[in-house]
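Quick notes on the structure that follows.
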Amino acid sequence: MLWETLLLAVRTIRRNTLRSFLTVLGIVIGVAAVIAMVTVGNGATAKITSELSSMGNNLLFARPGQMGPGAPSSSARSFTLADADAIRADVGGILAVAPVSQKSVAVVAGSESRTVGLVGTNADYLTTQAWSVSSGRNFTESEARAGRSVCLIGETVRQELFGTADPVGQTIRVKNIACPVVGLLVERGESTVGSDRDDTVIMPLRAFQRRIAGTTTVDTILISARDGVDTGKVQAAVEDLLRERRDILAGDDDDFSVRDMRQLVQTMTATTTILTGLLGAVAAVSLVVGGIGIMNIMLVSVTERTREIGIRLAIGALEHQVLTQFLVEAVVLSLFGGLIGILTGLSLAYGTARLLSVPFIVDPTIVALAFAFSALVGVAFGFFPARRAARLDPIEALRHE
């Protein structure tokens with residue numbers, strides 16, 4: 001009986017193919033929007049988490065001023081190289097400490113020039129960033145302490161200044177300083193915010209301060225804890241040391257901030273997850289709109305087929321059989337829209353993921369929920385028209401023109 005009802009529903013839908021498609025368009029859009037939004041959101045979350053984790057799960061960074069509420073960085077006393085040395089000497093459980101200062105400068109090699117992000121730091125910088133060189137070497141601690149003008153360059157800088165040639169052993173001019181290239185960094189690609197991490201040049205901090213910046217200040221101190229060490233304890237120890245060095249009295253607010261990369265990963269992941277959920281919820285409203293469209297067209301169908309319903313009831317069809325017939329039609333329409341919506345949503349998500357360079361991560365749970373919800377919409381919005389058809393008076397229905 002159910003199989004015959006299903007075949008009858010399919011035949012009825014096929015008789016009005018265009019109208020049936022327009023009816024389920026709301027379901028298609030709703031399901032596609034939910035799947036596309038959630039899939040792209042999951043990919044963005046995975047990319048952000050991966051990029052932040054690639055910098056090291058045991059990484060902390062200290063900056064002058066407060067990030068968020070508190071004293072602005074412009075009014076806070078800057079760090080110095082001595083602060084980084086004190087952290088390395090006095091805080092236990094630390095693998096590497098890298099003081100960092102940055103500036104945009106022009107670099108020249110032969111007839112080629114480019115404006116890049118110049119990083120002044122020490123030999124521990126690559127350790128804190130979980131970065132390495134693909135050819136050549138890192139500059140040594142002695143070169144860093146002596147302020148030698150040697151540098152490491154990123155893949156983008158190599159391509160722009162040297163083409164496919166090996167830059168190691170070549171000399172570039174950073175501002176007005178000759179700087180031998182001792183190493184080429186492993187390619188890392190774009191960051192989460194779209195900046196090119198390979199468009200960079202790294203040189204010893206002392207050389208950067210003396211010959212580029214003309215100051216002795218440090219913008220950021222990167223701190224990498226050893227494996228197995230509680231970064232929370234390291235963070236507390238660094239904060240206590242910096243408060244002591246900056247003469248901050250008990251009860252006074254810090255004029256600096258120390259952040260744990262794990263906290264940042266958790267915050268960013270939670271934020272993107274919430275945004276993904278909100279976008280998915282907004283997209284799900286289209287499913288309700290699609291359900292209203294199904295109810296509307298089913299009411300029209302009941303009106304058009306009043307005589308047919310009357311004949312069925314007159315020759316012995318029961319009310320629940322007529323109810324089932326129209327309810328199955330509504331559910332079939334919804335499921336048909338759900339299938340098209342799934343295919344459309346996955347296609348849109350794949351294209352968007354490729355465009356935004358994020359992973360294409362399909363969540364089977366969301367796909368199943370979207371499909372199940374489309375069926376539920378068919379039942380919910382198809383029940384009233386189906387009940388109306390089942391309760392028609394056979395005599396009045398036969399008189400209908």
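Please note that chains go A, B, ... in the order of the structure tokens, that every chain numbers its residues from 1, and that ligands are numbered from 1 in the order shown.
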
For this session: Tell me, as a PyMOL selection string, which residues lie within 12 Å of Asp363 (chain A), counting only C-alpha atoms; anything in the same chain fewer than 2 positions away does not count.
Result: chain A and resi 34-43+342+346+349+360-361+365-370

Written selection (C-alpha atoms) as a compact mmCIF listing (two decimals), in the first residue's frame:
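Generated output (out-v1.txt):
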```txt
# COMPACT_ATOMS: atom_id res chain seq x y z
CA VAL A 34 23.23 25.30 5.79
CA ILE A 35 25.67 22.73 4.38
CA ALA A 36 27.79 25.33 2.56
CA MET A 37 27.98 27.67 5.57
CA VAL A 38 28.85 24.95 8.07
CA THR A 39 31.35 23.21 5.78
CA VAL A 40 33.21 26.42 4.94
CA GLY A 41 33.07 27.45 8.59
CA ASN A 42 34.57 24.13 9.67
CA GLY A 43 37.32 24.54 7.08
CA ILE A 342 22.88 18.54 -0.44
CA LEU A 346 28.59 20.51 -1.18
CA ALA A 349 31.29 24.61 -0.22
CA PHE A 360 37.16 21.14 2.49
CA ILE A 361 35.85 19.32 5.55
CA THR A 365 26.25 14.88 10.85
CA ILE A 366 25.27 18.25 9.38
CA VAL A 367 24.44 16.66 6.02
CA ALA A 368 22.25 14.06 7.73
CA LEU A 369 20.56 16.66 9.94
CA ALA A 370 19.83 18.93 6.98
```

For this session: Using only C-alpha atoms, determine which residues lie at most 10 Å from Ala237 (chain A), disregarding the query and same-chain residues fewer than 5 positions distant; provide the list as an MDAnalysis selection string.
Result: chainID A and resid 87 90:92 231:232 242:243

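Nearest to Glu160 (chain A) of all the residues A:Ala82, A:Leu25, A:Ala250, A:Val107 is A:Val107, based on only C-alpha atoms.
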
Exercise. In terms of the shortest atom-to-atom distance over only C-alpha atoms, which of A:Thr273, A:Ser149, A:Thr49, A:Ser111 is closest to Ile202 (chain A)?
Worked result: A:Ser149

Exercise. Which value, in Å to one decimal, gives the distance between CA of Arg158 (chain A) and CA of Ser104 (chain A)?
Worked result: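 Separation between CA of Arg158 (chain A) and CA of Ser104 (chain A): 16.8 Å.
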
Seminar exercise, completed: Using only C-alpha atoms, the residue out of A:Ile27, A:Ala109, A:Leu275, A:Ala144 with shortest distance to Phe162 (chain A) is A:Ala109

Problem set entry | Who sits within 8 Å of Glu141 (chain A), only C-alpha atoms, same chain under 3 positions skipped, as a ChimeraX atom specification | /A:122-123,144-145

Write to file, as a PDB file, in the first residue's frame, the residues of the selection just made, with C-alpha atoms.
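Written output follows (selection-v8.pdb):
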```
ATOM      1  CA  ASN A 122      68.062  36.058  17.589  1.00  0.00           C
ATOM      2  CA  ALA A 123      68.930  32.479  16.669  1.00  0.00           C
ATOM      3  CA  ALA A 144      73.443  37.614  16.783  1.00  0.00           C
ATOM      4  CA  ARG A 145      75.401  38.946  19.796  1.00  0.00           C
TER       5      ARG A 145
END
```

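Proximity ranking of A:Leu152, A:Ala353, A:Val331, A:Leu185 relative to Ala46 (chain A) places A:Ala353 first, based on only C-alpha atoms.
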
Problem set entry | For Val288 (chain A): contacts at 9 Å, only C-alpha atoms, fewer than 5 positions along chain excluded, given as a list in words |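 Counting only C-alpha atoms, the residues come to Gly26, Ile27, Gly30, Gly293 and Val377 of chain A.
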
Could you take the residues named above and write them with N, CA and C atoms, as a compact mmCIF listing (two decimals), in the first residue's frame?
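Saved as selection-v8.txt:
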```txt
# COMPACT_ATOMS: atom_id res chain seq x y z
N GLY A 26 12.75 26.56 -2.11
CA GLY A 26 13.09 27.06 -0.78
C GLY A 26 13.84 26.01 0.03
N ILE A 27 13.43 24.74 -0.08
CA ILE A 27 14.12 23.66 0.61
C ILE A 27 15.54 23.51 0.06
N GLY A 30 17.65 26.37 1.35
CA GLY A 30 17.90 26.21 2.78
C GLY A 30 18.93 25.15 3.09
N GLY A 293 6.13 27.23 1.40
CA GLY A 293 5.86 27.09 -0.03
C GLY A 293 5.23 25.73 -0.34
N VAL A 377 10.22 19.00 7.59
CA VAL A 377 9.48 20.14 7.04
C VAL A 377 8.32 19.64 6.17
```

Problem set entry | Within 8 Å of region 208-217 of chain A using only C-alpha atoms, minus same-chain residues under 3 positions, as an MDAnalysis selection string | chainID A and resid 78:81 101 103 119:120 147 175 177 203:205

Those residues you just picked out, can you put them in a file as a CSV table (one decimal), in the first residue's frame with C-alpha atoms?
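Okay, out-v1.csv is ready:
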```csv
chain,number,residue,atom,x,y,z
A,78,SER,CA,59.0,49.0,25.7
A,79,PHE,CA,60.9,45.8,26.4
A,80,THR,CA,64.6,45.6,25.9
A,81,LEU,CA,67.1,42.8,25.0
A,101,SER,CA,61.3,43.8,16.4
A,103,LYS,CA,59.7,47.1,10.2
A,119,VAL,CA,62.4,40.9,11.4
A,120,GLY,CA,65.2,41.6,13.9
A,147,GLY,CA,75.3,42.3,15.5
A,175,LYS,CA,68.0,49.7,3.2
A,177,ILE,CA,73.3,47.8,4.5
A,203,MET,CA,68.4,39.4,10.6
A,204,PRO,CA,70.1,39.6,14.0
A,205,LEU,CA,68.3,41.9,16.4
```

Exercise. Could you work out how far CA of Leu287 (chain A) lies from CA of Gly341 (chain A), giving the answer in Å with one decimal?
Worked result: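 CA of Leu287 (chain A) lies at a distance of 10.5 Å from CA of Gly341 (chain A).
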
Please, which residues of region 195-265 of chain A, numbered as in this document, come out alpha helix (DSSP H) from DSSP, as a PDB file with C-alpha atoms, in the first residue's frame?
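Result file part39.pdb:
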```
ATOM      1  CA  LEU A 205      68.337  41.950  16.428  1.00  0.00           C
ATOM      2  CA  ARG A 206      71.426  43.961  17.387  1.00  0.00           C
ATOM      3  CA  ALA A 207      72.148  44.712  13.727  1.00  0.00           C
ATOM      4  CA  PHE A 208      68.471  45.642  13.228  1.00  0.00           C
ATOM      5  CA  THR A 231      52.746  26.757  30.099  1.00  0.00           C
ATOM      6  CA  GLY A 232      50.434  28.262  32.698  1.00  0.00           C
ATOM      7  CA  LYS A 233      53.233  28.113  35.287  1.00  0.00           C
ATOM      8  CA  VAL A 234      55.719  29.525  32.789  1.00  0.00           C
ATOM      9  CA  GLN A 235      53.293  32.344  31.987  1.00  0.00           C
ATOM     10  CA  ALA A 236      52.876  33.192  35.689  1.00  0.00           C
ATOM     11  CA  ALA A 237      56.657  33.147  36.241  1.00  0.00           C
ATOM     12  CA  VAL A 238      57.251  35.461  33.251  1.00  0.00           C
ATOM     13  CA  GLU A 239      54.576  37.865  34.477  1.00  0.00           C
ATOM     14  CA  ASP A 240      56.094  37.968  37.977  1.00  0.00           C
ATOM     15  CA  LEU A 241      59.578  38.590  36.558  1.00  0.00           C
ATOM     16  CA  LEU A 242      58.417  41.373  34.239  1.00  0.00           C
ATOM     17  CA  ARG A 243      56.445  43.064  37.046  1.00  0.00           C
ATOM     18  CA  GLU A 244      59.588  43.049  39.151  1.00  0.00           C
ATOM     19  CA  ARG A 245      61.784  44.399  36.342  1.00  0.00           C
ATOM     20  CA  MET A 261      49.170  30.410  22.240  1.00  0.00           C
ATOM     21  CA  ARG A 262      46.889  27.591  23.432  1.00  0.00           C
ATOM     22  CA  GLN A 263      44.514  30.165  24.900  1.00  0.00           C
ATOM     23  CA  LEU A 264      44.548  32.041  21.614  1.00  0.00           C
ATOM     24  CA  VAL A 265      43.818  28.825  19.683  1.00  0.00           C
TER      25      VAL A 265
END
```
